[in-house]
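Containing mmCIF, C-alpha atoms, pLDDT in the B column; chains and numbers go by the auth columns: data13.cif.
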data_entry
loop_
_atom_site.group_PDB
_atom_site.id
_atom_site.type_symbol
_atom_site.label_atom_id
_atom_site.label_comp_id
_atom_site.label_asym_id
_atom_site.label_seq_id
_atom_site.Cartn_x
_atom_site.Cartn_y
_atom_site.Cartn_z
_atom_site.B_iso_or_equiv
_atom_site.auth_seq_id
_atom_site.auth_asym_id
ATOM 1 C CA GLN A 1 3.408 12.900 5.388 65.00 26 A
ATOM 2 C CA GLY A 2 0.877 15.674 5.849 63.00 27 A
ATOM 3 C CA ARG A 3 3.246 18.642 5.813 68.00 28 A
ATOM 4 C CA VAL A 4 1.860 22.012 4.698 65.00 29 A
ATOM 5 C CA GLY A 5 2.268 22.380 0.939 71.00 30 A
ATOM 6 C CA GLU A 6 3.295 18.752 0.463 82.00 31 A
ATOM 7 C CA MET A 7 0.284 17.669 -1.593 83.00 32 A
ATOM 8 C CA THR A 8 0.619 20.669 -3.897 88.00 33 A
ATOM 9 C CA GLN A 9 4.317 19.924 -4.367 91.00 34 A
ATOM 10 C CA LEU A 10 3.704 16.233 -5.094 91.00 35 A
ATOM 11 C CA VAL A 11 0.965 16.989 -7.633 92.00 36 A
ATOM 12 C CA SER A 12 3.138 19.620 -9.320 93.00 37 A
ATOM 13 C CA THR A 13 6.112 17.244 -9.437 95.00 38 A
ATOM 14 C CA ALA A 14 4.046 14.478 -11.052 95.00 39 A
ATOM 15 C CA PHE A 15 2.875 16.823 -13.802 96.00 40 A
ATOM 16 C CA GLU A 16 6.392 18.246 -14.281 96.00 41 A
ATOM 17 C CA GLN A 17 7.833 14.751 -14.749 97.00 42 A
ATOM 18 C CA ALA A 18 5.059 13.754 -17.176 96.00 43 A
ATOM 19 C CA HIS A 19 5.622 16.970 -19.152 96.00 44 A
ATOM 20 C CA ALA A 20 9.408 16.501 -19.250 96.00 45 A
ATOM 21 C CA GLU A 21 9.142 12.894 -20.471 96.00 46 A
ATOM 22 C CA ALA A 22 6.517 13.804 -23.085 96.00 47 A
ATOM 23 C CA ALA A 23 8.641 16.724 -24.323 95.00 48 A
ATOM 24 C CA LYS A 24 11.472 14.263 -25.064 94.00 49 A
ATOM 25 C CA MET A 25 9.145 12.355 -27.396 93.00 50 A
ATOM 26 C CA LYS A 26 7.838 15.373 -29.262 90.00 51 A
ATOM 27 C CA SER A 27 9.082 15.642 -32.803 87.00 52 A
ATOM 28 C CA THR A 28 9.569 18.780 -34.868 85.00 53 A
ATOM 29 C CA LYS A 29 9.063 16.734 -38.031 88.00 54 A
ATOM 30 C CA GLY A 30 6.283 14.185 -38.223 88.00 55 A
ATOM 31 C CA PRO A 31 4.575 12.255 -35.484 91.00 56 A
ATOM 32 C CA ALA A 32 5.860 11.914 -31.941 90.00 57 A
ATOM 33 C CA ARG A 33 8.210 9.045 -31.122 91.00 58 A
ATOM 34 C CA GLY A 34 5.965 7.916 -28.279 94.00 59 A
ATOM 35 C CA GLY A 35 3.732 9.293 -25.588 95.00 60 A
ATOM 36 C CA VAL A 36 3.202 9.564 -21.857 97.00 61 A
ATOM 37 C CA ILE A 37 0.153 8.622 -19.850 97.00 62 A
ATOM 38 C CA LEU A 38 -0.240 10.071 -16.376 96.00 63 A
ATOM 39 C CA LEU A 39 -2.713 7.746 -14.659 96.00 64 A
ATOM 40 C CA VAL A 40 -4.444 9.136 -11.589 95.00 65 A
ATOM 41 C CA ASP A 41 -6.354 6.422 -9.750 94.00 66 A
ATOM 42 C CA GLU A 42 -8.966 7.451 -7.179 91.00 67 A
ATOM 43 C CA ALA A 43 -8.839 10.895 -8.775 93.00 68 A
ATOM 44 C CA ASP A 44 -11.610 12.216 -6.545 90.00 69 A
ATOM 45 C CA ALA A 45 -9.119 12.143 -3.657 86.00 70 A
ATOM 46 C CA LEU A 46 -6.830 14.616 -5.471 86.00 71 A
ATOM 47 C CA ALA A 47 -9.249 16.622 -7.576 90.00 72 A
ATOM 48 C CA GLN A 48 -12.360 16.830 -5.446 88.00 73 A
ATOM 49 C CA SER A 49 -14.672 19.755 -5.848 87.00 74 A
ATOM 50 C CA ARG A 50 -13.463 22.963 -4.228 85.00 75 A
ATOM 51 C CA GLU A 51 -17.118 23.767 -3.587 82.00 76 A
ATOM 52 C CA THR A 52 -17.100 21.362 -0.629 75.00 77 A
ATOM 53 C CA GLU A 53 -17.564 23.408 2.527 73.00 78 A
ATOM 54 C CA GLN A 54 -15.385 21.264 4.790 73.00 79 A
ATOM 55 C CA MET A 55 -12.463 21.287 2.341 73.00 80 A
ATOM 56 C CA HIS A 56 -9.196 22.406 3.909 77.00 81 A
ATOM 57 C CA HIS A 57 -7.093 25.161 2.305 79.00 82 A
ATOM 58 C CA GLU A 58 -4.325 22.636 1.601 79.00 83 A
ATOM 59 C CA ASP A 59 -6.760 20.468 -0.367 80.00 84 A
ATOM 60 C CA ARG A 60 -7.931 23.472 -2.410 85.00 85 A
ATOM 61 C CA ALA A 61 -4.327 24.334 -3.207 87.00 86 A
ATOM 62 C CA GLY A 62 -3.745 20.750 -4.361 87.00 87 A
ATOM 63 C CA VAL A 63 -6.746 20.902 -6.706 91.00 88 A
ATOM 64 C CA ASN A 64 -5.480 24.218 -8.086 92.00 89 A
ATOM 65 C CA ALA A 65 -2.076 22.609 -8.736 93.00 90 A
ATOM 66 C CA PHE A 66 -3.836 19.702 -10.451 93.00 91 A
ATOM 67 C CA ILE A 67 -5.711 22.081 -12.766 95.00 92 A
ATOM 68 C CA ARG A 68 -2.510 24.014 -13.543 95.00 93 A
ATOM 69 C CA GLY A 69 -0.791 20.711 -14.388 95.00 94 A
ATOM 70 C CA ILE A 70 -3.540 19.701 -16.807 96.00 95 A
ATOM 71 C CA ASP A 71 -3.453 23.127 -18.437 96.00 96 A
ATOM 72 C CA ARG A 72 0.331 23.042 -18.781 95.00 97 A
ATOM 73 C CA ILE A 73 0.291 19.689 -20.556 94.00 98 A
ATOM 74 C CA ALA A 74 -2.550 20.816 -22.835 94.00 99 A
ATOM 75 C CA SER A 75 -0.922 24.119 -23.791 95.00 100 A
ATOM 76 C CA ALA A 76 2.508 22.540 -24.394 93.00 101 A
ATOM 77 C CA LYS A 77 1.020 20.270 -27.060 91.00 102 A
ATOM 78 C CA VAL A 78 3.222 17.390 -25.983 95.00 103 A
ATOM 79 C CA PRO A 79 2.276 13.739 -26.603 96.00 104 A
ATOM 80 C CA ALA A 80 0.744 13.185 -23.183 96.00 105 A
ATOM 81 C CA ALA A 81 -2.600 12.246 -21.732 96.00 106 A
ATOM 82 C CA VAL A 82 -3.925 12.478 -18.205 96.00 107 A
ATOM 83 C CA LEU A 83 -6.263 9.594 -17.383 96.00 108 A
ATOM 84 C CA MET A 84 -8.308 9.883 -14.240 96.00 109 A
ATOM 85 C CA CYS A 85 -10.205 6.996 -12.653 95.00 110 A
ATOM 86 C CA THR A 86 -12.897 7.468 -10.043 92.00 111 A
ATOM 87 C CA ASN A 87 -16.036 5.844 -8.720 87.00 112 A
ATOM 88 C CA ARG A 88 -17.359 9.294 -7.861 88.00 113 A
ATOM 89 C CA LEU A 89 -17.455 11.395 -11.018 90.00 114 A
ATOM 90 C CA SER A 90 -19.704 14.005 -9.421 89.00 115 A
ATOM 91 C CA ALA A 91 -17.120 14.548 -6.656 90.00 116 A
ATOM 92 C CA LEU A 92 -14.550 15.888 -9.154 93.00 117 A
ATOM 93 C CA ASP A 93 -14.100 19.628 -9.317 93.00 118 A
ATOM 94 C CA PRO A 94 -16.173 21.156 -12.146 94.00 119 A
ATOM 95 C CA ALA A 95 -13.049 22.829 -13.573 95.00 120 A
ATOM 96 C CA VAL A 96 -11.370 19.422 -13.849 95.00 121 A
ATOM 97 C CA ARG A 97 -14.429 17.881 -15.541 95.00 122 A
ATOM 98 C CA ARG A 98 -14.593 20.787 -18.027 95.00 123 A
ATOM 99 C CA ARG A 99 -11.043 20.038 -19.124 95.00 124 A
ATOM 100 C CA ALA A 100 -11.839 16.411 -19.958 95.00 125 A
ATOM 101 C CA ALA A 101 -11.597 15.537 -23.630 94.00 126 A
ATOM 102 C CA ASP A 102 -13.897 12.597 -22.944 96.00 127 A
ATOM 103 C CA ILE A 103 -15.660 10.982 -20.020 95.00 128 A
ATOM 104 C CA LEU A 104 -16.130 7.241 -20.175 94.00 129 A
ATOM 105 C CA GLN A 105 -18.476 5.629 -17.691 91.00 130 A
ATOM 106 C CA PHE A 106 -18.340 1.910 -17.010 89.00 131 A
ATOM 107 C CA ALA A 107 -21.400 0.132 -15.696 91.00 132 A
ATOM 108 C CA ARG A 108 -21.542 -3.041 -13.654 94.00 133 A
ATOM 109 C CA PRO A 109 -21.023 -6.162 -15.754 97.00 134 A
ATOM 110 C CA THR A 110 -23.915 -7.640 -17.688 96.00 135 A
ATOM 111 C CA PRO A 111 -24.809 -11.338 -17.263 97.00 136 A
ATOM 112 C CA GLU A 112 -22.734 -12.104 -20.374 98.00 137 A
ATOM 113 C CA GLN A 113 -19.721 -10.221 -19.022 98.00 138 A
ATOM 114 C CA ARG A 114 -19.970 -11.960 -15.647 98.00 139 A
ATOM 115 C CA LEU A 115 -20.155 -15.320 -17.419 98.00 140 A
ATOM 116 C CA ASP A 116 -17.062 -14.391 -19.423 98.00 141 A
ATOM 117 C CA VAL A 117 -15.153 -13.590 -16.202 97.00 142 A
ATOM 118 C CA PHE A 118 -16.089 -16.963 -14.748 98.00 143 A
ATOM 119 C CA LYS A 119 -15.218 -18.831 -17.957 97.00 144 A
ATOM 120 C CA ARG A 120 -11.789 -17.206 -18.048 96.00 145 A
ATOM 121 C CA TRP A 121 -10.994 -17.835 -14.380 95.00 146 A
ATOM 122 C CA LEU A 122 -12.826 -21.070 -13.635 95.00 147 A
ATOM 123 C CA GLY A 123 -13.325 -22.692 -17.037 91.00 148 A
ATOM 124 C CA ASP A 124 -10.111 -24.713 -16.794 92.00 149 A
ATOM 125 C CA ALA A 125 -10.807 -25.675 -13.158 92.00 150 A
ATOM 126 C CA GLY A 126 -13.356 -28.309 -14.120 90.00 151 A
ATOM 127 C CA PHE A 127 -16.487 -26.204 -13.724 95.00 152 A
ATOM 128 C CA LYS A 128 -19.434 -27.239 -15.880 95.00 153 A
ATOM 129 C CA ALA A 129 -21.068 -24.702 -18.176 96.00 154 A
ATOM 130 C CA SER A 130 -24.215 -24.860 -16.032 97.00 155 A
ATOM 131 C CA GLU A 131 -22.192 -24.034 -12.887 97.00 156 A
ATOM 132 C CA LEU A 132 -20.600 -21.027 -14.567 97.00 157 A
ATOM 133 C CA THR A 133 -24.014 -19.823 -15.738 97.00 158 A
ATOM 134 C CA ALA A 134 -25.389 -20.249 -12.207 97.00 159 A
ATOM 135 C CA LEU A 135 -22.504 -18.141 -10.834 98.00 160 A
ATOM 136 C CA ALA A 136 -23.221 -15.420 -13.401 98.00 161 A
ATOM 137 C CA GLU A 137 -26.879 -15.409 -12.358 97.00 162 A
ATOM 138 C CA ALA A 138 -26.094 -15.453 -8.623 97.00 163 A
ATOM 139 C CA THR A 139 -23.880 -12.377 -8.959 97.00 164 A
ATOM 140 C CA GLY A 140 -26.523 -10.340 -10.796 96.00 165 A
ATOM 141 C CA GLU A 141 -29.236 -8.113 -9.409 94.00 166 A
ATOM 142 C CA ARG A 142 -30.837 -9.534 -6.294 86.00 167 A
ATOM 143 C CA GLY A 143 -34.066 -8.627 -4.602 79.00 168 A
ATOM 144 C CA LYS A 144 -34.782 -4.949 -4.106 80.00 169 A
ATOM 145 C CA SER A 145 -31.164 -3.738 -4.332 77.00 170 A
ATOM 146 C CA GLY A 146 -31.296 -3.286 -8.092 86.00 171 A
ATOM 147 C CA TYR A 147 -27.577 -3.858 -8.567 93.00 172 A
ATOM 148 C CA GLY A 148 -25.294 -6.820 -9.096 95.00 173 A
ATOM 149 C CA PHE A 149 -21.618 -7.435 -8.473 97.00 174 A
ATOM 150 C CA THR A 150 -18.983 -5.052 -9.841 95.00 175 A
ATOM 151 C CA PHE A 151 -15.998 -6.353 -11.804 95.00 176 A
ATOM 152 C CA SER A 152 -13.851 -5.855 -8.706 94.00 177 A
ATOM 153 C CA ASP A 153 -16.409 -7.742 -6.580 97.00 178 A
ATOM 154 C CA LEU A 154 -15.907 -10.677 -8.937 98.00 179 A
ATOM 155 C CA THR A 155 -12.139 -10.568 -9.351 97.00 180 A
ATOM 156 C CA GLN A 156 -10.966 -9.171 -6.012 97.00 181 A
ATOM 157 C CA ARG A 157 -13.510 -10.615 -3.602 97.00 182 A
ATOM 158 C CA LEU A 158 -15.452 -13.586 -4.953 98.00 183 A
ATOM 159 C CA LEU A 159 -12.802 -15.465 -6.928 97.00 184 A
ATOM 160 C CA PRO A 160 -10.179 -15.219 -4.151 97.00 185 A
ATOM 161 C CA ALA A 161 -12.813 -16.313 -1.605 97.00 186 A
ATOM 162 C CA ILE A 162 -13.611 -19.377 -3.720 97.00 187 A
ATOM 163 C CA VAL A 163 -9.948 -20.334 -3.970 96.00 188 A
ATOM 164 C CA LEU A 164 -9.199 -19.665 -0.305 97.00 189 A
ATOM 165 C CA ASP A 165 -12.246 -21.664 0.750 96.00 190 A
ATOM 166 C CA ALA A 166 -10.834 -24.748 -0.993 95.00 191 A
ATOM 167 C CA TYR A 167 -7.266 -24.218 0.253 94.00 192 A
ATOM 168 C CA PRO A 168 -5.411 -26.314 1.323 93.00 193 A
ATOM 169 C CA ASP A 169 -7.686 -29.279 0.767 90.00 194 A
ATOM 170 C CA GLY A 170 -8.775 -28.276 -2.795 85.00 195 A
ATOM 171 C CA PRO A 171 -9.982 -28.556 -5.482 92.00 196 A
ATOM 172 C CA ILE A 172 -12.557 -25.825 -5.854 94.00 197 A
ATOM 173 C CA LYS A 173 -16.071 -27.093 -6.466 94.00 198 A
ATOM 174 C CA GLY A 174 -18.914 -25.543 -8.432 95.00 199 A
ATOM 175 C CA ALA A 175 -21.589 -26.076 -5.788 96.00 200 A
ATOM 176 C CA ARG A 176 -19.418 -24.575 -3.040 96.00 201 A
ATOM 177 C CA ALA A 177 -18.474 -21.620 -5.278 97.00 202 A
ATOM 178 C CA LEU A 178 -22.171 -20.959 -5.823 97.00 203 A
ATOM 179 C CA ASP A 179 -22.815 -21.032 -2.062 98.00 204 A
ATOM 180 C CA ILE A 180 -20.038 -18.505 -1.519 98.00 205 A
ATOM 181 C CA ALA A 181 -21.380 -16.244 -4.291 97.00 206 A
ATOM 182 C CA ARG A 182 -24.875 -16.337 -2.796 96.00 207 A
ATOM 183 C CA SER A 183 -23.548 -15.482 0.665 96.00 208 A
ATOM 184 C CA MET A 184 -21.749 -12.354 -0.569 96.00 209 A
ATOM 185 C CA ALA A 185 -23.363 -8.992 -1.087 94.00 210 A
ATOM 186 C CA ALA A 186 -22.440 -6.781 -4.009 95.00 211 A
ATOM 187 C CA THR A 187 -20.701 -3.503 -3.243 93.00 212 A
ATOM 188 C CA PRO A 188 -23.406 -0.829 -3.129 91.00 213 A
ATOM 189 C CA PRO A 189 -23.131 2.063 -5.581 87.00 214 A
ATOM 190 C CA PHE A 190 -21.781 5.370 -4.327 80.00 215 A
ATOM 191 C CA LYS A 191 -24.514 7.810 -3.427 74.00 216 A
ATOM 192 C CA ASP A 192 -23.972 11.204 -4.999 60.00 217 A
ATOM 193 C CA CYS A 193 -25.083 13.970 -2.707 50.00 218 A
#
Take the structure from the file and write it as structure tokens.
Amino acid sequence: QGRVGEMTQLVSTAFEQAHAEAAKMKSTKGPARGGVILLVDEADALAQSRETEQMHHEDRAGVNAFIRGIDRIASAKVPAAVLMCTNRLSALDPAVRRRAADILQFARPTPEQRLDVFKRWLGDAGFKASELTALAEATGERGKSGYGFTFSDLTQRLLPAIVLDAYPDGPIKGARALDIARSMAATPPFKDC
């Protein structure tokens, strides 16, 4: 709601709840009885670099609370993990990145991966193998851009557009799906400044 101190309180509460649940699963003898995963999607919105000049004091306080939460879970040695997802790794605060046990980066799908997406979603819809291959090619790198479709471009934009285009008259057709794919532009990569 934008109240002063609200973001810090919400971040702290999330870490407190994750810690409390993980502590219940900790065992004094043998392995833990389970574990907790605290998933933070769009993590750059909560843990952006405090080096940013235009950052508001409230945002800095929220990042500090985030770092304290990570440290608390790590020092308590409870069966918990904090997973952070972002499209802007460089936007994360350096102190947050330093605390990462691992950083996994996912690239845009290869031609084989795009083909697999289309086989899974359109294979049973009567598409020919050649039509699926053409879709995989059409969603790859085009012209001077140097980048193809992301997984979310495929699953959240293109596939729904193909289905909605056929609705309510259906069925979906390979040639029309290819036209739709060719008319769409891939989401450009984030530019790190």
Would you mind listing what lies within 8 Å of range 92-95 of chain A as a list in words, with only C-alpha atoms counted and same-chain residues fewer than 5 positions away left out?
->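 The neighbour list is Val36, Ser37, Phe40, Glu41, Val107, Ala120, Val121 and Arg124 of chain A.
The residue that comes closest to Pro134 in chain A, out of A:Met80, A:Leu184, A:Leu71, A:Ala211 and on the basis of all atoms listed in the file, is A:Ala211.
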Taken to one decimal, the CA of Leu35 in chain A-CA of Gly59 in chain A distance is 24.7 Å
List the residues matched by the PyMOL selection byres ((chain A and resi 206) around 10) in the displayed structure as JSON, numbers by chain, ordered by chain and then by residue number.
-> {"A": [159, 160, 161, 162, 163, 164, 174, 179, 182, 183, 184, 186, 187, 200, 201, 202, 203, 204, 205, 207, 208, 209, 210, 211]}
Any chance you could resolve the PyMOL selection byres ((chain A and resi 64) around 8) against this file and give the residues as a ChimeraX atom specification?
-> /A:62-63,65-66,107-110
To one decimal place, how far is CA of Met32 in chain A from CA of Ala48 in chain A in Å?
-> 24.2 Å
Could you check how far CA of Lys198 in chain A sits from CA of Leu157 in chain A, in Å to one decimal?
->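 Computing the Euclidean distance for CA of Lys198 in chain A and CA of Leu157 in chain A yields 11.1 Å.
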Name the closest residue to Ala45 in chain A among the candidates A:His82, A:Arg75, A:Arg97, A:Arg122; distances are taken between atoms, counting all atoms listed in the file.
->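 When distances to Ala45 in chain A are compared using all atoms listed in the file, the smallest one comes from A:Arg97.
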Would you write out, as a VMD selection string, every residue that the PyMOL selection byres ((chain A and resi 50) around 9) captures in this file?
-> chain A and resid 46 to 49 51 to 52 57 to 61 103 to 104
Which of these residues is nearest to Asp149 in chain A, using only C-alpha atoms: A:Ile197, A:Ala125, A:Leu114, A:Leu189?
->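 Selected residue with least distance to Asp149 in chain A: A:Ile197.
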Name the residues in contact with Thr111 in chain A at a cut-off of 10 Å, using only C-alpha atoms, excluding same-chain residues fewer than 6 positions from it; report them as a list in words.
->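 After dropping sequence-adjacent residues, the list is Val65, Asp66, Glu67, Ala68, Asp69, Ala70, Leu117 and Gln130 of chain A.
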Range 190-204 of chain A written out with C-alpha atoms as a tab-separated table (two decimals), in the first residue's frame:
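Contents of decode.tsv, as written:
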chain	number	residue	atom	x	y	z
A	190	ASP	CA	-6.85	-16.72	-33.69
A	191	ALA	CA	-8.69	-19.97	-34.45
A	192	TYR	CA	-11.38	-19.44	-31.79
A	193	PRO	CA	-14.32	-19.92	-32.09
A	194	ASP	CA	-14.21	-21.29	-35.62
A	195	GLY	CA	-11.19	-23.62	-35.04
A	196	PRO	CA	-9.25	-25.78	-35.58
A	197	ILE	CA	-5.80	-24.25	-35.49
A	198	LYS	CA	-3.88	-24.59	-38.73
A	199	GLY	CA	-0.15	-24.91	-39.33
A	200	ALA	CA	0.06	-22.31	-42.09
A	201	ARG	CA	-1.87	-19.74	-40.04
A	202	ALA	CA	0.25	-20.47	-36.95
A	203	LEU	CA	3.36	-19.81	-39.02
A	204	ASP	CA	1.93	-16.49	-40.24
